Amino acid sequence: MTKKQRAELVQTELEKLYPVVPIPLDHTDPYTLMVAVALSAQTTDKKVNQVTPDLFAVAGTPQRMAKLEVFEIKELIKEIGLANTKAKNLKRMAELLLERHDGVVPQTYEELEALPGVGHKTASVVMSQAFNFPAFPVDTHIHRLMTQWKLTSGKNVVETEKDAKKIWKEEVWNKLHLQIIFYGREYSPARGKGEKDFITQMMFKEKEK
């Protein structure tokens, strides 16, 4: 199979599996999405979704988050990894949203990435899922699978993101990156042996003959 054929196979099979793709992190608006994504670093989406209802009940807006002390935020997210750092970031993020953007989540990468706790991946998720801006956020699932499918030789998520954007048309980015994440979790988990990873098997079965 050529690289183009492998990319087409991925897109076709994922569309069959996941014609409708929910956003994995529970949220109600761009701000709560940004907070949830920031919390998800080195933590599962499932754990974030368990913690955010209580957090958003008392701090679901930048105004309310900024009024909390760091230790109060930490208490609400203590079950999540890196809670100390994330609590500090959430408070400062809220303060800067109020100072710079009147409490409204900005819609540019530059402004988003200037906020504490918001790296390029978080900004990409917000741009994609909150504002429907074409983006291809790459997490470890996507990086691992694209390497496995020989669609990238990127050494990190930044290089893999560039390759993904070259391979697939812009109009499918927002949906496809989520489809790959769901596929990775269901069919090719990082600690698994890949028995269920039928896409990889379809791609490279000719070599085994």
# chains A, B, ... in the order shown; residues from 1 in each chain; ligands from 1

$ select_by_dssp --residues "stretch 3-183 of chain A" --states "alpha helix (DSSP H)" --output "mmCIF file with N, CA and C atoms, in the first residue's frame"
data_model
loop_
_atom_site.group_PDB
_atom_site.id
_atom_site.type_symbol
_atom_site.label_atom_id
_atom_site.label_comp_id
_atom_site.auth_asym_id
_atom_site.auth_seq_id
_atom_site.Cartn_x
_atom_site.Cartn_y
_atom_site.Cartn_z
ATOM 1 N N LYS A 3 1.412 5.350 0.775
ATOM 2 C CA LYS A 3 1.038 6.203 1.902
ATOM 3 C C LYS A 3 -0.357 6.786 1.690
ATOM 4 N N LYS A 4 -0.644 7.220 0.457
ATOM 5 C CA LYS A 4 -1.957 7.782 0.153
ATOM 6 C C LYS A 4 -3.051 6.745 0.363
ATOM 7 N N GLN A 5 -2.817 5.509 -0.055
ATOM 8 C CA GLN A 5 -3.806 4.446 0.123
ATOM 9 C C GLN A 5 -4.027 4.132 1.608
ATOM 10 N N ARG A 6 -2.943 4.155 2.389
ATOM 11 C CA ARG A 6 -3.087 3.905 3.833
ATOM 12 C C ARG A 6 -3.914 5.007 4.483
ATOM 13 N N ALA A 7 -3.667 6.242 4.084
ATOM 14 C CA ALA A 7 -4.420 7.370 4.638
ATOM 15 C C ALA A 7 -5.905 7.267 4.282
ATOM 16 N N GLU A 8 -6.180 6.859 3.045
ATOM 17 C CA GLU A 8 -7.577 6.699 2.612
ATOM 18 C C GLU A 8 -8.256 5.559 3.364
ATOM 19 N N LEU A 9 -7.510 4.487 3.598
ATOM 20 C CA LEU A 9 -8.045 3.358 4.362
ATOM 21 C C LEU A 9 -8.418 3.792 5.781
ATOM 22 N N VAL A 10 -7.531 4.532 6.414
ATOM 23 C CA VAL A 10 -7.791 5.020 7.771
ATOM 24 C C VAL A 10 -9.080 5.847 7.800
ATOM 25 N N GLN A 11 -9.170 6.805 6.903
ATOM 26 C CA GLN A 11 -10.334 7.687 6.885
ATOM 27 C C GLN A 11 -11.625 6.909 6.618
ATOM 28 N N THR A 12 -11.585 5.981 5.671
ATOM 29 C CA THR A 12 -12.782 5.204 5.314
ATOM 30 C C THR A 12 -13.240 4.316 6.467
ATOM 31 N N GLU A 13 -12.304 3.596 7.074
ATOM 32 C CA GLU A 13 -12.667 2.665 8.147
ATOM 33 C C GLU A 13 -13.131 3.405 9.402
ATOM 34 N N LEU A 14 -12.504 4.530 9.702
ATOM 35 C CA LEU A 14 -12.909 5.287 10.885
ATOM 36 C C LEU A 14 -14.279 5.922 10.701
ATOM 37 N N GLU A 15 -14.589 6.298 9.481
ATOM 38 C CA GLU A 15 -15.910 6.866 9.207
ATOM 39 C C GLU A 15 -16.999 5.802 9.385
ATOM 40 N N LYS A 16 -16.668 4.562 9.053
ATOM 41 C CA LYS A 16 -17.625 3.463 9.279
ATOM 42 C C LYS A 16 -17.839 3.229 10.778
ATOM 43 N N LEU A 17 -16.743 3.256 11.516
ATOM 44 C CA LEU A 17 -16.811 2.983 12.958
ATOM 45 C C LEU A 17 -17.452 4.118 13.743
ATOM 46 N N PRO A 30 -16.957 27.424 25.655
ATOM 47 C CA PRO A 30 -15.508 27.427 25.384
ATOM 48 C C PRO A 30 -14.645 27.473 26.645
ATOM 49 N N TYR A 31 -15.096 28.201 27.672
ATOM 50 C CA TYR A 31 -14.280 28.301 28.882
ATOM 51 C C TYR A 31 -14.186 26.961 29.605
ATOM 52 N N THR A 32 -15.317 26.297 29.816
ATOM 53 C CA THR A 32 -15.270 25.020 30.535
ATOM 54 C C THR A 32 -14.550 23.954 29.704
ATOM 55 N N LEU A 33 -14.621 24.060 28.374
ATOM 56 C CA LEU A 33 -13.845 23.146 27.534
ATOM 57 C C LEU A 33 -12.352 23.380 27.730
ATOM 58 N N MET A 34 -11.938 24.637 27.711
ATOM 59 C CA MET A 34 -10.518 24.952 27.867
ATOM 60 C C MET A 34 -9.998 24.467 29.222
ATOM 61 N N VAL A 35 -10.782 24.659 30.266
ATOM 62 C CA VAL A 35 -10.384 24.181 31.591
ATOM 63 C C VAL A 35 -10.262 22.662 31.597
ATOM 64 N N ALA A 36 -11.244 21.981 31.018
ATOM 65 C CA ALA A 36 -11.223 20.515 30.999
ATOM 66 C C ALA A 36 -10.018 19.992 30.227
ATOM 67 N N VAL A 37 -9.698 20.611 29.091
ATOM 68 C CA VAL A 37 -8.548 20.157 28.300
ATOM 69 C C VAL A 37 -7.251 20.408 29.061
ATOM 70 N N ALA A 38 -7.157 21.564 29.713
ATOM 71 C CA ALA A 38 -5.958 21.865 30.504
ATOM 72 C C ALA A 38 -5.779 20.843 31.631
ATOM 73 N N LEU A 39 -6.896 20.408 32.214
ATOM 74 C CA LEU A 39 -6.829 19.420 33.292
ATOM 75 C C LEU A 39 -6.460 18.030 32.782
ATOM 76 N N ASP A 45 -9.429 11.305 30.281
ATOM 77 C CA ASP A 45 -10.649 12.102 30.124
ATOM 78 C C ASP A 45 -11.712 11.649 31.122
ATOM 79 N N LYS A 46 -11.764 10.344 31.371
ATOM 80 C CA LYS A 46 -12.745 9.814 32.327
ATOM 81 C C LYS A 46 -12.564 10.445 33.704
ATOM 82 N N LYS A 47 -11.331 10.548 34.160
ATOM 83 C CA LYS A 47 -11.062 11.140 35.470
ATOM 84 C C LYS A 47 -11.411 12.630 35.475
ATOM 85 N N VAL A 48 -11.088 13.326 34.384
ATOM 86 C CA VAL A 48 -11.435 14.754 34.291
ATOM 87 C C VAL A 48 -12.951 14.927 34.379
ATOM 88 N N ASN A 49 -13.691 14.093 33.674
ATOM 89 C CA ASN A 49 -15.155 14.199 33.682
ATOM 90 C C ASN A 49 -15.760 13.868 35.043
ATOM 91 N N GLN A 50 -15.016 13.133 35.858
ATOM 92 C CA GLN A 50 -15.487 12.844 37.224
ATOM 93 C C GLN A 50 -15.289 14.038 38.157
ATOM 94 N N VAL A 51 -14.269 14.834 37.842
ATOM 95 C CA VAL A 51 -13.892 15.951 38.718
ATOM 96 C C VAL A 51 -14.584 17.266 38.344
ATOM 97 N N THR A 52 -14.774 17.507 37.046
ATOM 98 C CA THR A 52 -15.241 18.827 36.611
ATOM 99 C C THR A 52 -16.655 19.211 37.057
ATOM 100 N N PRO A 53 -17.610 18.274 37.263
ATOM 101 C CA PRO A 53 -18.918 18.738 37.725
ATOM 102 C C PRO A 53 -18.852 19.550 39.017
ATOM 103 N N ASP A 54 -18.088 19.066 39.993
ATOM 104 C CA ASP A 54 -17.956 19.806 41.258
ATOM 105 C C ASP A 54 -17.185 21.110 41.062
ATOM 106 N N LEU A 55 -16.160 21.059 40.206
ATOM 107 C CA LEU A 55 -15.375 22.265 39.937
ATOM 108 C C LEU A 55 -16.241 23.327 39.263
ATOM 109 N N PHE A 56 -16.960 22.931 38.223
ATOM 110 C CA PHE A 56 -17.762 23.906 37.475
ATOM 111 C C PHE A 56 -18.971 24.398 38.263
ATOM 112 N N ALA A 57 -19.410 23.616 39.244
ATOM 113 C CA ALA A 57 -20.532 24.056 40.084
ATOM 114 C C ALA A 57 -20.181 25.313 40.868
ATOM 115 N N VAL A 58 -18.887 25.442 41.208
ATOM 116 C CA VAL A 58 -18.470 26.619 41.985
ATOM 117 C C VAL A 58 -17.588 27.576 41.185
ATOM 118 N N ALA A 59 -17.033 27.090 40.050
ATOM 119 C CA ALA A 59 -16.099 27.929 39.282
ATOM 120 C C ALA A 59 -16.252 27.662 37.792
ATOM 121 N N PRO A 62 -14.750 32.378 34.367
ATOM 122 C CA PRO A 62 -13.473 32.983 34.798
ATOM 123 C C PRO A 62 -13.653 33.866 36.027
ATOM 124 N N GLN A 63 -14.782 34.558 36.103
ATOM 125 C CA GLN A 63 -15.031 35.442 37.244
ATOM 126 C C GLN A 63 -15.034 34.663 38.560
ATOM 127 N N ARG A 64 -15.714 33.525 38.544
ATOM 128 C CA ARG A 64 -15.821 32.728 39.771
ATOM 129 C C ARG A 64 -14.515 31.978 40.067
ATOM 130 N N MET A 65 -13.842 31.523 39.022
ATOM 131 C CA MET A 65 -12.564 30.831 39.227
ATOM 132 C C MET A 65 -11.530 31.781 39.824
ATOM 133 N N ALA A 66 -11.493 33.000 39.332
ATOM 134 C CA ALA A 66 -10.492 33.973 39.786
ATOM 135 C C ALA A 66 -10.668 34.326 41.260
ATOM 136 N N LYS A 67 -11.886 34.194 41.761
ATOM 137 C CA LYS A 67 -12.152 34.541 43.165
ATOM 138 C C LYS A 67 -11.691 33.460 44.139
ATOM 139 N N VAL A 70 -5.908 29.377 45.400
ATOM 140 C CA VAL A 70 -5.295 28.218 44.737
ATOM 141 C C VAL A 70 -5.581 26.933 45.512
ATOM 142 N N PHE A 71 -5.515 27.002 46.851
ATOM 143 C CA PHE A 71 -5.728 25.785 47.637
ATOM 144 C C PHE A 71 -7.167 25.286 47.502
ATOM 145 N N GLU A 72 -8.115 26.199 47.265
ATOM 146 C CA GLU A 72 -9.508 25.788 47.079
ATOM 147 C C GLU A 72 -9.690 25.069 45.738
ATOM 148 N N ILE A 73 -9.026 25.585 44.715
ATOM 149 C CA ILE A 73 -9.081 24.926 43.400
ATOM 150 C C ILE A 73 -8.425 23.555 43.488
ATOM 151 N N LYS A 74 -7.274 23.517 44.160
ATOM 152 C CA LYS A 74 -6.553 22.249 44.300
ATOM 153 C C LYS A 74 -7.416 21.201 44.999
ATOM 154 N N GLU A 75 -8.147 21.602 46.001
ATOM 155 C CA GLU A 75 -9.008 20.670 46.726
ATOM 156 C C GLU A 75 -10.068 20.061 45.799
ATOM 157 N N LEU A 76 -10.540 20.859 44.852
ATOM 158 C CA LEU A 76 -11.581 20.406 43.929
ATOM 159 C C LEU A 76 -11.038 19.480 42.839
ATOM 160 N N ALA A 83 -2.018 18.242 40.290
ATOM 161 C CA ALA A 83 -3.063 19.134 40.813
ATOM 162 C C ALA A 83 -2.507 20.477 41.281
ATOM 163 N N ASN A 84 -1.318 20.482 41.893
ATOM 164 C CA ASN A 84 -0.728 21.730 42.386
ATOM 165 C C ASN A 84 -0.532 22.732 41.252
ATOM 166 N N THR A 85 0.161 22.273 40.216
ATOM 167 C CA THR A 85 0.458 23.146 39.079
ATOM 168 C C THR A 85 -0.813 23.556 38.360
ATOM 169 N N LYS A 86 -1.711 22.609 38.170
ATOM 170 C CA LYS A 86 -2.948 22.908 37.446
ATOM 171 C C LYS A 86 -3.825 23.897 38.201
ATOM 172 N N ALA A 87 -3.856 23.797 39.505
ATOM 173 C CA ALA A 87 -4.644 24.748 40.302
ATOM 174 C C ALA A 87 -4.106 26.179 40.136
ATOM 175 N N LYS A 88 -2.779 26.315 40.200
ATOM 176 C CA LYS A 88 -2.174 27.642 39.993
ATOM 177 C C LYS A 88 -2.477 28.162 38.596
ATOM 178 N N ASN A 89 -2.364 27.277 37.599
ATOM 179 C CA ASN A 89 -2.625 27.695 36.224
ATOM 180 C C ASN A 89 -4.075 28.124 36.021
ATOM 181 N N LEU A 90 -5.011 27.377 36.609
ATOM 182 C CA LEU A 90 -6.429 27.712 36.424
ATOM 183 C C LEU A 90 -6.768 29.070 37.021
ATOM 184 N N LYS A 91 -6.191 29.375 38.174
ATOM 185 C CA LYS A 91 -6.463 30.681 38.779
ATOM 186 C C LYS A 91 -5.883 31.807 37.929
ATOM 187 N N ARG A 92 -4.633 31.641 37.521
ATOM 188 C CA ARG A 92 -3.988 32.689 36.722
ATOM 189 C C ARG A 92 -4.622 32.804 35.342
ATOM 190 N N MET A 93 -5.027 31.667 34.761
ATOM 191 C CA MET A 93 -5.715 31.681 33.477
ATOM 192 C C MET A 93 -6.981 32.529 33.566
ATOM 193 N N ALA A 94 -7.751 32.314 34.628
ATOM 194 C CA ALA A 94 -8.993 33.073 34.820
ATOM 195 C C ALA A 94 -8.704 34.562 34.984
ATOM 196 N N GLU A 95 -7.677 34.881 35.772
ATOM 197 C CA GLU A 95 -7.325 36.290 35.988
ATOM 198 C C GLU A 95 -6.942 36.972 34.679
ATOM 199 N N LEU A 96 -6.139 36.266 33.865
ATOM 200 C CA LEU A 96 -5.695 36.859 32.597
ATOM 201 C C LEU A 96 -6.835 36.965 31.591
ATOM 202 N N LEU A 97 -7.764 36.025 31.613
ATOM 203 C CA LEU A 97 -8.936 36.137 30.743
ATOM 204 C C LEU A 97 -9.722 37.403 31.080
ATOM 205 N N LEU A 98 -9.825 37.697 32.357
ATOM 206 C CA LEU A 98 -10.540 38.905 32.786
ATOM 207 C C LEU A 98 -9.748 40.166 32.446
ATOM 208 N N GLU A 99 -8.433 40.128 32.673
ATOM 209 C CA GLU A 99 -7.588 41.305 32.425
ATOM 210 C C GLU A 99 -7.453 41.628 30.938
ATOM 211 N N ARG A 100 -7.270 40.588 30.132
ATOM 212 C CA ARG A 100 -6.942 40.794 28.719
ATOM 213 C C ARG A 100 -8.133 40.673 27.767
ATOM 214 N N HIS A 101 -9.129 39.850 28.152
ATOM 215 C CA HIS A 101 -10.165 39.489 27.181
ATOM 216 C C HIS A 101 -11.585 39.674 27.709
ATOM 217 N N TYR A 109 -4.685 31.301 18.180
ATOM 218 C CA TYR A 109 -3.670 30.465 18.826
ATOM 219 C C TYR A 109 -2.749 31.305 19.703
ATOM 220 N N GLU A 110 -2.350 32.446 19.190
ATOM 221 C CA GLU A 110 -1.393 33.283 19.921
ATOM 222 C C GLU A 110 -1.944 33.693 21.282
ATOM 223 N N GLU A 111 -3.188 34.136 21.298
ATOM 224 C CA GLU A 111 -3.779 34.579 22.573
ATOM 225 C C GLU A 111 -4.054 33.400 23.501
ATOM 226 N N LEU A 112 -4.506 32.293 22.948
ATOM 227 C CA LEU A 112 -4.772 31.119 23.781
ATOM 228 C C LEU A 112 -3.492 30.578 24.410
ATOM 229 N N GLU A 113 -2.435 30.462 23.603
ATOM 230 C CA GLU A 113 -1.192 29.876 24.098
ATOM 231 C C GLU A 113 -0.442 30.807 25.052
ATOM 232 N N HIS A 120 0.023 24.205 22.889
ATOM 233 C CA HIS A 120 -0.496 24.175 21.516
ATOM 234 C C HIS A 120 -1.622 23.148 21.361
ATOM 235 N N LYS A 121 -1.491 22.001 22.011
ATOM 236 C CA LYS A 121 -2.538 20.990 21.873
ATOM 237 C C LYS A 121 -3.852 21.481 22.469
ATOM 238 N N THR A 122 -3.795 22.061 23.666
ATOM 239 C CA THR A 122 -5.008 22.580 24.294
ATOM 240 C C THR A 122 -5.631 23.669 23.425
ATOM 241 N N ALA A 123 -4.797 24.566 22.916
ATOM 242 C CA ALA A 123 -5.304 25.631 22.048
ATOM 243 C C ALA A 123 -5.953 25.042 20.799
ATOM 244 N N SER A 124 -5.348 24.000 20.234
ATOM 245 C CA SER A 124 -5.895 23.368 19.035
ATOM 246 C C SER A 124 -7.263 22.743 19.309
ATOM 247 N N VAL A 125 -7.388 22.089 20.469
ATOM 248 C CA VAL A 125 -8.677 21.484 20.827
ATOM 249 C C VAL A 125 -9.751 22.557 20.972
ATOM 250 N N THR A 140 -1.061 11.512 22.316
ATOM 251 C CA THR A 140 -0.167 10.359 22.229
ATOM 252 C C THR A 140 -0.789 9.223 21.420
ATOM 253 N N HIS A 141 -2.130 9.066 21.490
ATOM 254 C CA HIS A 141 -2.804 8.033 20.686
ATOM 255 C C HIS A 141 -2.551 8.278 19.195
ATOM 256 N N ILE A 142 -2.778 9.524 18.758
ATOM 257 C CA ILE A 142 -2.637 9.860 17.343
ATOM 258 C C ILE A 142 -1.182 9.708 16.907
ATOM 259 N N HIS A 143 -0.269 10.203 17.708
ATOM 260 C CA HIS A 143 1.155 10.111 17.378
ATOM 261 C C HIS A 143 1.575 8.641 17.232
ATOM 262 N N ARG A 144 1.137 7.822 18.175
ATOM 263 C CA ARG A 144 1.506 6.401 18.153
ATOM 264 C C ARG A 144 0.898 5.698 16.944
ATOM 265 N N LEU A 145 -0.383 5.945 16.677
ATOM 266 C CA LEU A 145 -1.048 5.252 15.573
ATOM 267 C C LEU A 145 -0.535 5.716 14.213
ATOM 268 N N MET A 146 -0.307 7.001 14.052
ATOM 269 C CA MET A 146 0.202 7.479 12.767
ATOM 270 C C MET A 146 1.597 6.935 12.483
ATOM 271 N N THR A 147 2.382 6.763 13.548
ATOM 272 C CA THR A 147 3.694 6.127 13.397
ATOM 273 C C THR A 147 3.526 4.665 13.001
ATOM 274 N N GLN A 148 2.609 3.991 13.678
ATOM 275 C CA GLN A 148 2.325 2.585 13.421
ATOM 276 C C GLN A 148 1.824 2.371 11.993
ATOM 277 N N VAL A 157 4.856 15.102 18.742
ATOM 278 C CA VAL A 157 3.487 15.425 18.316
ATOM 279 C C VAL A 157 3.444 16.627 17.374
ATOM 280 N N VAL A 158 4.395 17.535 17.496
ATOM 281 C CA VAL A 158 4.424 18.713 16.622
ATOM 282 C C VAL A 158 4.674 18.296 15.171
ATOM 283 N N GLU A 159 5.666 17.436 14.974
ATOM 284 C CA GLU A 159 5.976 16.961 13.624
ATOM 285 C C GLU A 159 4.847 16.102 13.070
ATOM 286 N N THR A 160 4.243 15.286 13.936
ATOM 287 C CA THR A 160 3.133 14.437 13.503
ATOM 288 C C THR A 160 1.932 15.277 13.093
ATOM 289 N N GLU A 161 1.682 16.348 13.810
ATOM 290 C CA GLU A 161 0.578 17.253 13.449
ATOM 291 C C GLU A 161 0.788 17.831 12.048
ATOM 292 N N LYS A 162 2.000 18.244 11.751
ATOM 293 C CA LYS A 162 2.300 18.801 10.418
ATOM 294 C C LYS A 162 2.042 17.760 9.329
ATOM 295 N N ASP A 163 2.468 16.520 9.594
ATOM 296 C CA ASP A 163 2.258 15.453 8.613
ATOM 297 C C ASP A 163 0.771 15.175 8.424
ATOM 298 N N ALA A 164 0.016 15.129 9.526
ATOM 299 C CA ALA A 164 -1.428 14.865 9.430
ATOM 300 C C ALA A 164 -2.120 15.927 8.579
ATOM 301 N N LYS A 165 -1.709 17.165 8.740
ATOM 302 C CA LYS A 165 -2.334 18.260 7.988
ATOM 303 C C LYS A 165 -1.981 18.207 6.508
ATOM 304 N N LYS A 166 -0.845 17.613 6.201
ATOM 305 C CA LYS A 166 -0.473 17.450 4.785
ATOM 306 C C LYS A 166 -1.237 16.289 4.150
ATOM 307 N N ILE A 167 -1.481 15.255 4.936
ATOM 308 C CA ILE A 167 -2.077 14.020 4.415
ATOM 309 C C ILE A 167 -3.574 14.168 4.148
ATOM 310 N N TRP A 173 -10.279 17.453 9.314
ATOM 311 C CA TRP A 173 -9.389 17.478 10.480
ATOM 312 C C TRP A 173 -10.129 17.372 11.808
ATOM 313 N N ASN A 174 -11.146 18.218 11.989
ATOM 314 C CA ASN A 174 -11.801 18.307 13.296
ATOM 315 C C ASN A 174 -12.435 16.988 13.718
ATOM 316 N N LYS A 175 -13.008 16.278 12.756
ATOM 317 C CA LYS A 175 -13.643 14.999 13.074
ATOM 318 C C LYS A 175 -12.628 13.863 13.134
ATOM 319 N N LEU A 176 -11.705 13.858 12.190
ATOM 320 C CA LEU A 176 -10.775 12.735 12.068
ATOM 321 C C LEU A 176 -9.856 12.589 13.276
ATOM 322 N N HIS A 177 -9.401 13.695 13.827
ATOM 323 C CA HIS A 177 -8.498 13.564 14.980
ATOM 324 C C HIS A 177 -9.213 12.891 16.154
ATOM 325 N N LEU A 178 -10.515 13.168 16.309
ATOM 326 C CA LEU A 178 -11.283 12.504 17.365
ATOM 327 C C LEU A 178 -11.517 11.033 17.034
ATOM 328 N N GLN A 179 -11.780 10.741 15.766
ATOM 329 C CA GLN A 179 -11.984 9.349 15.364
ATOM 330 C C GLN A 179 -10.745 8.507 15.656
ATOM 331 N N ILE A 180 -9.568 9.064 15.378
ATOM 332 C CA ILE A 180 -8.322 8.321 15.637
ATOM 333 C C ILE A 180 -8.145 8.091 17.140
ATOM 334 N N ILE A 181 -8.465 9.098 17.943
ATOM 335 C CA ILE A 181 -8.360 8.956 19.401
ATOM 336 C C ILE A 181 -9.269 7.837 19.898
ATOM 337 N N PHE A 182 -10.526 7.834 19.439
ATOM 338 C CA PHE A 182 -11.465 6.791 19.861
ATOM 339 C C PHE A 182 -11.002 5.411 19.396
ATOM 340 N N TYR A 183 -10.484 5.347 18.178
ATOM 341 C CA TYR A 183 -9.988 4.069 17.668
ATOM 342 C C TYR A 183 -8.818 3.575 18.516
#

$ closest_residue --among "A:Trp149, A:Phe131, A:Tyr18, A:Phe136" --to "A:Met202" --atoms "only C-alpha atoms"
A:Trp149

$ atom_distance --atom1 "atom CA of A:Ser40" --atom2 "atom CA of A:Glu195"
27.5 Å

$ atom_distance --atom1 "atom CA of A:Gly154" --atom2 "atom CA of A:Val138"
11.6 Å

$ atom_distance --atom1 "atom CA of A:Trp168" --atom2 "atom CA of A:Ser153"
15.9 Å
